[in-house]
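Down below is the structure, laid out as structure tokens.
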Amino acid sequence: MPTAPRTARAAARAELTQAILDNAASQLAEIGPAALSVRAVARDLGMASSAVYRYFPSRDALLTALIVQAYDDLGATVEEAGASVRRGDLRGRFRAMAQALRTWAVEHPHQYALTYGSPVPGYAAPDDTVVPATRVSVALLELVRDAQQAGRRPRGPERVSAAEKAALAPVLAFVDPPLSPAYGVRGLMAWSTLFGHISLELFGHMYRGVLDYDVHYATVVDQLAADLGLT
């Protein structure tokens, strides 16, 4: 059955909700998430703060919406990059996804810092953020699963201790069929390495240590692809 068209009221509400989020995102760039203010957003939009509170009843609710939006935007970007490459081209898919991840982070540094930077003092992310937060990791682990099903093998020792296998049980079960312990270890290492390099770059920790971030990141991505057995 076709979905019913949105009413004018629903469309107006959606438009104003996005305007509030866009203004709040601008605040992130100017003052950071800890100082985010619903009242300041209302002032910028020429609204009464009570009206904005009907959309977002607290600063934490507004932060949560911004976090979910950022996770979903990044997740969709990485997923679309992977889908743009032939499914059997495992290395090509990995390269595309890794590059899309970094490009999004560089183009949205404040949203990246909100989701992958230091925790916001006094804010505890609710369960609403969990599924959006896993989109990138699931996309990467699904690629690793495809490599496993294609008979590829990761580099390095294939034996994993019982303690490590138990520790990684949630990661191994993220995809169906589950990952082997060896691939789970390598998949998690690849995920953390990508985000680690991007964070070091964006937060200035590789300044003057790496002179060409594009070249270095591409080298890291190719090394990870080789470690995952994608080449």
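Residue numbering restarts at 1 in every chain; chains get A, B, ... in the order shown in the structure tokens, and ligands count up from 1 in that same order.
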Query raised in the report: Per DSSP on the backbone, what are the helix (DSSP H, G or I) residues of region 111-199 of chain A, as a ChimeraX atom specification?
Result: /A:111-116,127-133,135-149,162-167,169-172,181-199
Expected file contents, prior selection, C-alpha atoms, as an mmCIF file, in the first residue's frame:
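Once everything was written out, this is again-v9.cif:
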data_model
loop_
_atom_site.group_PDB
_atom_site.id
_atom_site.type_symbol
_atom_site.label_atom_id
_atom_site.label_comp_id
_atom_site.auth_asym_id
_atom_site.auth_seq_id
_atom_site.Cartn_x
_atom_site.Cartn_y
_atom_site.Cartn_z
ATOM 1 C CA GLN A 111 30.035 16.314 13.947
ATOM 2 C CA TYR A 112 32.930 13.846 13.984
ATOM 3 C CA ALA A 113 34.221 15.321 17.239
ATOM 4 C CA LEU A 114 30.725 15.099 18.725
ATOM 5 C CA THR A 115 30.421 11.395 17.912
ATOM 6 C CA TYR A 116 34.031 10.173 18.175
ATOM 7 C CA ASP A 127 19.848 3.684 23.610
ATOM 8 C CA ASP A 128 18.493 5.663 20.641
ATOM 9 C CA THR A 129 22.077 6.243 19.526
ATOM 10 C CA VAL A 130 23.177 2.584 19.533
ATOM 11 C CA VAL A 131 21.861 1.384 16.168
ATOM 12 C CA PRO A 132 22.969 4.496 14.223
ATOM 13 C CA ALA A 133 26.385 4.274 15.911
ATOM 14 C CA ARG A 135 26.228 1.394 10.960
ATOM 15 C CA VAL A 136 29.858 1.949 9.943
ATOM 16 C CA SER A 137 31.168 -0.969 11.991
ATOM 17 C CA VAL A 138 28.485 -3.309 10.634
ATOM 18 C CA ALA A 139 29.280 -2.241 7.052
ATOM 19 C CA LEU A 140 32.975 -2.968 7.585
ATOM 20 C CA LEU A 141 32.328 -6.286 9.329
ATOM 21 C CA GLU A 142 29.960 -7.360 6.549
ATOM 22 C CA LEU A 143 32.811 -6.783 4.123
ATOM 23 C CA VAL A 144 35.075 -8.927 6.306
ATOM 24 C CA ARG A 145 32.369 -11.607 6.391
ATOM 25 C CA ASP A 146 32.225 -11.562 2.588
ATOM 26 C CA ALA A 147 35.986 -12.052 2.500
ATOM 27 C CA GLN A 148 35.678 -14.976 4.889
ATOM 28 C CA GLN A 149 32.929 -16.566 2.785
ATOM 29 C CA ALA A 162 39.703 -18.739 24.351
ATOM 30 C CA ALA A 163 39.800 -15.570 26.461
ATOM 31 C CA GLU A 164 40.053 -13.344 23.366
ATOM 32 C CA LYS A 165 37.296 -15.261 21.609
ATOM 33 C CA ALA A 166 35.035 -14.715 24.614
ATOM 34 C CA ALA A 167 35.993 -11.043 24.764
ATOM 35 C CA ALA A 169 31.824 -12.548 21.179
ATOM 36 C CA PRO A 170 29.629 -9.489 20.362
ATOM 37 C CA VAL A 171 31.860 -8.504 17.415
ATOM 38 C CA LEU A 172 31.925 -12.041 16.036
ATOM 39 C CA PRO A 181 37.880 -15.387 15.782
ATOM 40 C CA ALA A 182 40.896 -14.596 13.581
ATOM 41 C CA TYR A 183 38.820 -12.441 11.262
ATOM 42 C CA GLY A 184 37.060 -10.824 14.207
ATOM 43 C CA VAL A 185 40.392 -9.724 15.648
ATOM 44 C CA ARG A 186 41.591 -8.369 12.306
ATOM 45 C CA GLY A 187 38.271 -6.691 11.543
ATOM 46 C CA LEU A 188 38.265 -4.882 14.868
ATOM 47 C CA MET A 189 41.895 -3.859 14.387
ATOM 48 C CA ALA A 190 41.080 -2.436 10.945
ATOM 49 C CA TRP A 191 38.072 -0.519 12.311
ATOM 50 C CA SER A 192 40.055 0.971 15.205
ATOM 51 C CA THR A 193 43.031 1.797 12.970
ATOM 52 C CA LEU A 194 40.898 3.740 10.492
ATOM 53 C CA PHE A 195 39.209 5.775 13.210
ATOM 54 C CA GLY A 196 42.465 6.166 15.099
ATOM 55 C CA HIS A 197 44.286 7.678 12.123
ATOM 56 C CA ILE A 198 41.384 9.973 11.302
ATOM 57 C CA SER A 199 41.163 11.161 14.910
#
Report task. Would you mind listing what lies within 10 Å of region 48-56 of chain A as a list in words, with only C-alpha atoms counted and same-chain residues fewer than 3 positions away left out? Result -> Arg13, Ala14, Leu16, Thr17, Ile20, Leu21, Val38, Arg39, Ala40, Val41, Ala42, Arg43, Leu45, Arg59, Asp60, Ala61, Leu62, Leu63, Thr64 and Ala65 of chain A
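The nearest approach to Pro119 (chain A) among the residues A:Gly151, A:Ala98, A:Ile67, A:Ala19, with only C-alpha atoms taken into account, belongs to A:Ile67.
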Report summary line: Here CA of Leu230 (chain A) and CA of Asp72 (chain A) stand apart by 26.6 Å
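Shortest atom-to-atom contact with Tyr217 (chain A) among A:Leu90, A:Ala12, A:Ala100, A:Ala173: A:Ala100, counting only C-alpha atoms.
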Query - Atom pair CA of Arg87 (chain A) / CA of Ala226 (chain A): separation (Å) - result: 17.5 Å
Query - Nearest-residue call for Ala25 (chain A), choices A:Ala70, A:Ala81, A:Ala105, A:Met47, using only C-alpha atoms - result: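 Ranked by minimum distance to Ala25 (chain A), first place goes to A:Ala70.
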Report summary line: With distances taken over only C-alpha atoms, the candidate from A:Tyr213, A:Ser118, A:Leu74, A:Tyr123 nearest Trp104 (chain A) is A:Leu74
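The residue set within 12 Å of Ser84 (chain A), counting only C-alpha atoms and dropping same-chain residues fewer than 6 places from it, reads Thr77, Val78, Leu90, Gly92, Arg93, Phe94, Arg95, Ala96, Met97 and Ala100 of chain A.
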Requested in this report: Using CA of Pro121 (chain A) and CA of Val106 (chain A) as the two end points, give the distance in Å to one decimal.
Outcome: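 Interatomic distance here is 24.2 Å.
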